[in-house]
Amino acid sequence: MTPVRPTVSLQLYTVNAALEPDLDAGVARLAAIGFDTVEAFAFVDRAPQLKQAFDAHGISAKTGHAFLVEESVPLPDGTSMTAPSHADTFAAAQVLGIEIVIDPFVGPAAWTTREGVERVAARLNAAAEEAAAHGMRVGYHNHDHELRPHIDGKPALQVLAELLDPRVVLELDLYWATAAGIDVVAFVQELGDRIVAVHVKDGPMRDGISTAQVPTDQTPAGQGDVRLADALAAAPALEYAVIEFDGFDGDVFDGVEQSYRWLRATLAGSDETAATEVSA
């Protein structure tokens with residue numbers, strides 16, 4: 001049976017600078033590109049405003065990033081923020097119709113020991129139980145620091161996957177996994193049905209790329225060194241292919257549109273290839 005083509009989405013963090021001064025206009029630009037699905041960012045305190053803008057332009061948010069593991073979250077400027085409660089998070093997710101709430105970040109220290117990874121898994125598993133009461137799933141999204149440390153010969157993120165309740169899913173950031181030295185195609189195959197979403201992100205690869213200093217030379221999808229097309233084709237249970245830029249030296253909406261066109265064409269090509277193989 002041919003897999004269902006994943007939904008093309010966009011992580012709103014990518015265009016947050018444009019959304020802050022004029023949410024409606026920013027969402028309208030995304031709709032004009034062709035998006036009907038996005039991944040919500042910082043949605044707990046602004047769910048009604050986001051819903052109004054989404055509804056006005058025919059957009060829905062089926063996935064969203066919110067902190068589920070840590071109660072205090074470090075910020076880039078050295079300060080920290082208190083994460084919203086799980087109750088508030090799931091209530092806001094319901095307003096938007098979000099189906100999967102994905103924790104976007106647990107700091108590097110948690111991934112250097114089995115005990116640290118076990119703690120992350122336990123908290124995600126508990127959150128999954130809460131989410132199930134709302135008809136939702138929870139997930140985790142990686143950067144590079146969950147994949148560089150190895151525990152018992154395996155990347156820490158793989159150890160996490162083995163400890164998670166089956167209801168907890170993963171959103172694999174293909175760029176950051178590649179930066180960590182992971183063969184993303186083999187890794188996607190290894191984790192199989194656990195990966196239901198990926199971040200489609202590209203750029204030149206070189207030593208030293210990390211979230212400690214985010215590169216500004218990320219490129220539109222298909223123009224860098226990340227094996228995006230192969231990784232997409234290797235994911236058997238992929239539901240969402242989410243475009244994102246962490247740093248882009250140019251008009252980010254232009255980069256987003258180029259990524260959107262590439263991703264739609266690549267997924268359509270995968271469908272055609274699969275159909276040919278089935279009929280052969």
# chains A, B, ... in the order shown; residues from 1 in each chain; ligands from 1

call {"tool": "select_by_dssp", "arguments": {"residues": "region 156-238 of chain A", "states": "strand (DSSP E or B)", "output": "list in words"}}
result
Val168, Val169, Leu170, Glu171, Leu172, Asp173, Ile195, Val196, Ala197, Val198, His199, Val200, Asp202, Ser210, Gln213, Asp217 and Thr219 of chain A

call {"tool": "residues_around", "arguments": {"residues": "Asp45 (chain A)", "least_positions_apart": "3", "cutoff": "12 Å", "atoms": "only C-alpha atoms", "output": "list in words"}}
result
Ala40, Phe41, Ala42, Pro48, Gln49, Leu50, Lys51, Ala66, Ala83, Pro84, Ser85, Asp88, Thr89, Phe90, Ala91, Ala92, Ala93, Val95 and Leu96 of chain A

call {"tool": "write_last_selection", "arguments": {"atoms": "all heavy atoms", "output": "CSV table (one decimal), in the first residue's frame"}}
result
chain,number,residue,atom,x,y,z
A,40,ALA,N,2.1,25.7,15.2
A,40,ALA,CA,2.0,26.8,16.1
A,40,ALA,C,3.3,27.0,17.0
A,40,ALA,O,3.9,26.0,17.4
A,40,ALA,CB,0.8,26.7,16.9
A,41,PHE,N,3.6,28.2,17.3
A,41,PHE,CA,4.7,28.5,18.2
A,41,PHE,C,4.3,29.6,19.2
A,41,PHE,O,3.5,30.5,18.8
A,41,PHE,CB,5.8,29.1,17.3
A,41,PHE,CG,6.9,29.9,18.0
A,41,PHE,CD1,7.8,29.3,18.8
A,41,PHE,CD2,6.9,31.3,17.9
A,41,PHE,CE1,8.8,30.1,19.4
A,41,PHE,CE2,7.8,32.1,18.5
A,41,PHE,CZ,8.8,31.5,19.3
A,42,ALA,N,4.7,29.4,20.4
A,42,ALA,CA,4.3,30.3,21.5
A,42,ALA,C,2.8,30.6,21.5
A,42,ALA,O,2.3,31.7,21.4
A,42,ALA,CB,5.0,31.6,21.4
A,48,PRO,N,-6.5,32.6,21.0
A,48,PRO,CA,-7.6,33.2,20.3
A,48,PRO,C,-7.2,34.1,19.1
A,48,PRO,O,-7.8,34.1,18.1
A,48,PRO,CB,-8.3,34.0,21.4
A,48,PRO,CG,-7.9,33.4,22.7
A,48,PRO,CD,-6.5,32.9,22.5
A,49,GLN,N,-6.1,34.8,19.3
A,49,GLN,CA,-5.6,35.7,18.2
A,49,GLN,C,-5.1,34.9,17.1
A,49,GLN,O,-5.4,35.2,15.9
A,49,GLN,CB,-4.5,36.6,18.7
A,49,GLN,CG,-4.9,37.6,19.8
A,49,GLN,CD,-4.7,37.1,21.2
A,49,GLN,OE1,-4.8,35.9,21.5
A,49,GLN,NE2,-4.3,38.0,22.1
A,50,LEU,N,-4.4,33.8,17.4
A,50,LEU,CA,-4.0,32.9,16.3
A,50,LEU,C,-5.1,32.3,15.6
A,50,LEU,O,-5.2,32.2,14.3
A,50,LEU,CB,-3.0,31.8,16.8
A,50,LEU,CG,-1.6,32.3,17.3
A,50,LEU,CD1,-1.0,31.1,18.0
A,50,LEU,CD2,-0.8,32.7,16.1
A,51,LYS,N,-6.1,31.8,16.3
A,51,LYS,CA,-7.3,31.2,15.7
A,51,LYS,C,-8.0,32.1,14.8
A,51,LYS,O,-8.4,31.8,13.7
A,51,LYS,CB,-8.2,30.6,16.7
A,51,LYS,CG,-9.5,30.0,16.1
A,51,LYS,CD,-10.3,29.2,17.2
A,51,LYS,CE,-11.6,28.7,16.6
A,51,LYS,NZ,-11.4,27.9,15.3
A,66,ALA,N,5.3,23.5,22.5
A,66,ALA,CA,5.0,24.0,23.9
A,66,ALA,C,5.9,23.1,24.8
A,66,ALA,O,6.1,21.9,24.6
A,66,ALA,CB,3.6,23.9,24.2
A,83,ALA,N,7.4,27.9,32.2
A,83,ALA,CA,6.6,27.4,31.2
A,83,ALA,C,5.1,27.4,31.6
A,83,ALA,O,4.8,27.2,32.8
A,83,ALA,CB,7.0,25.9,30.9
A,84,PRO,N,4.2,27.5,30.7
A,84,PRO,CA,2.8,27.4,31.1
A,84,PRO,C,2.5,26.1,31.6
A,84,PRO,O,3.1,25.1,31.3
A,84,PRO,CB,2.1,27.7,29.7
A,84,PRO,CG,3.0,28.4,28.9
A,84,PRO,CD,4.4,27.9,29.3
A,85,SER,N,1.4,26.0,32.4
A,85,SER,CA,1.0,24.7,33.0
A,85,SER,C,0.5,23.8,31.9
A,85,SER,O,0.1,24.2,30.8
A,85,SER,CB,-0.1,24.9,34.0
A,85,SER,OG,-1.3,25.3,33.4
A,88,ASP,N,-3.1,24.6,31.0
A,88,ASP,CA,-3.2,25.8,30.1
A,88,ASP,C,-2.8,25.5,28.7
A,88,ASP,O,-3.4,25.9,27.7
A,88,ASP,CB,-2.4,27.0,30.7
A,88,ASP,CG,-3.0,27.6,31.9
A,88,ASP,OD1,-4.2,27.3,32.2
A,88,ASP,OD2,-2.3,28.4,32.6
A,89,THR,N,-1.7,24.7,28.6
A,89,THR,CA,-1.2,24.3,27.3
A,89,THR,C,-2.2,23.5,26.5
A,89,THR,O,-2.5,23.8,25.3
A,89,THR,CB,0.1,23.5,27.4
A,89,THR,OG1,1.1,24.4,28.0
A,89,THR,CG2,0.6,23.0,26.1
A,90,PHE,N,-2.8,22.5,27.1
A,90,PHE,CA,-3.8,21.6,26.4
A,90,PHE,C,-5.1,22.4,26.1
A,90,PHE,O,-5.7,22.2,25.1
A,90,PHE,CB,-4.0,20.4,27.2
A,90,PHE,CG,-2.8,19.4,27.2
A,90,PHE,CD1,-2.4,18.9,28.4
A,90,PHE,CD2,-2.1,19.1,26.1
A,90,PHE,CE1,-1.3,18.1,28.5
A,90,PHE,CE2,-1.0,18.3,26.1
A,90,PHE,CZ,-0.6,17.8,27.3
A,91,ALA,N,-5.4,23.3,27.0
A,91,ALA,CA,-6.6,24.1,26.8
A,91,ALA,C,-6.4,25.0,25.5
A,91,ALA,O,-7.3,25.1,24.7
A,91,ALA,CB,-7.0,24.9,28.0
A,92,ALA,N,-5.3,25.6,25.4
A,92,ALA,CA,-5.0,26.5,24.3
A,92,ALA,C,-4.9,25.7,23.0
A,92,ALA,O,-5.3,26.1,21.9
A,92,ALA,CB,-3.7,27.2,24.5
A,93,ALA,N,-4.3,24.5,23.1
A,93,ALA,CA,-4.2,23.6,22.0
A,93,ALA,C,-5.6,23.2,21.5
A,93,ALA,O,-5.8,23.1,20.2
A,93,ALA,CB,-3.4,22.3,22.3
A,95,VAL,N,-8.3,25.0,21.7
A,95,VAL,CA,-8.8,26.2,21.0
A,95,VAL,C,-8.4,26.2,19.5
A,95,VAL,O,-9.2,26.5,18.6
A,95,VAL,CB,-8.4,27.5,21.7
A,95,VAL,CG1,-8.7,28.7,20.8
A,95,VAL,CG2,-9.0,27.6,23.0
A,96,LEU,N,-7.2,25.8,19.2
A,96,LEU,CA,-6.6,25.9,17.9
A,96,LEU,C,-6.8,24.6,17.1
A,96,LEU,O,-6.6,24.6,15.9
A,96,LEU,CB,-5.1,26.2,18.0
A,96,LEU,CG,-4.7,27.6,18.4
A,96,LEU,CD1,-3.2,27.6,18.7
A,96,LEU,CD2,-5.1,28.6,17.4

call {"tool": "closest_residue", "arguments": {"among": "A:Ala47, A:Leu163, A:Ala128, A:Ala110", "to": "His86 (chain A)", "atoms": "only C-alpha atoms"}}
result
A:Ala128

call {"tool": "closest_atom_pairs", "arguments": {"of": "region 109-179 of chain A", "to": "region 56-63 of chain A", "cutoff": "12 Å", "atoms": "only C-alpha atoms", "output": "JSON lines"}}
result
{"residue": "A:Met136", "atom": "CA", "partner": "A:Thr63", "partner_atom": "CA", "distance": 10.0}
{"residue": "A:Arg137", "atom": "CA", "partner": "A:Thr63", "partner_atom": "CA", "distance": 9.5}
{"residue": "A:Val138", "atom": "CA", "partner": "A:Thr63", "partner_atom": "CA", "distance": 9.3}
{"residue": "A:Gly139", "atom": "CA", "partner": "A:Thr63", "partner_atom": "CA", "distance": 9.5}
{"residue": "A:Tyr140", "atom": "CA", "partner": "A:Thr63", "partner_atom": "CA", "distance": 11.4}
{"residue": "A:His141", "atom": "CA", "partner": "A:Thr63", "partner_atom": "CA", "distance": 11.4}
{"residue": "A:Val169", "atom": "CA", "partner": "A:Thr63", "partner_atom": "CA", "distance": 11.6}
{"residue": "A:Leu170", "atom": "CA", "partner": "A:Thr63", "partner_atom": "CA", "distance": 11.8}
{"residue": "A:Glu171", "atom": "CA", "partner": "A:Thr63", "partner_atom": "CA", "distance": 10.1}

call {"tool": "select_by_dssp", "arguments": {"residues": "region 22-203 of chain A", "states": "alpha helix (DSSP H)", "output": "ChimeraX atom specification"}}
result
/A:23-33,47-56,86-96,114-132,156-163,174-179,184-191

call {"tool": "atom_distance", "arguments": {"atom1": "CA of Glu71 (chain A)", "atom2": "CA of Glu130 (chain A)"}}
result
15.9 Å
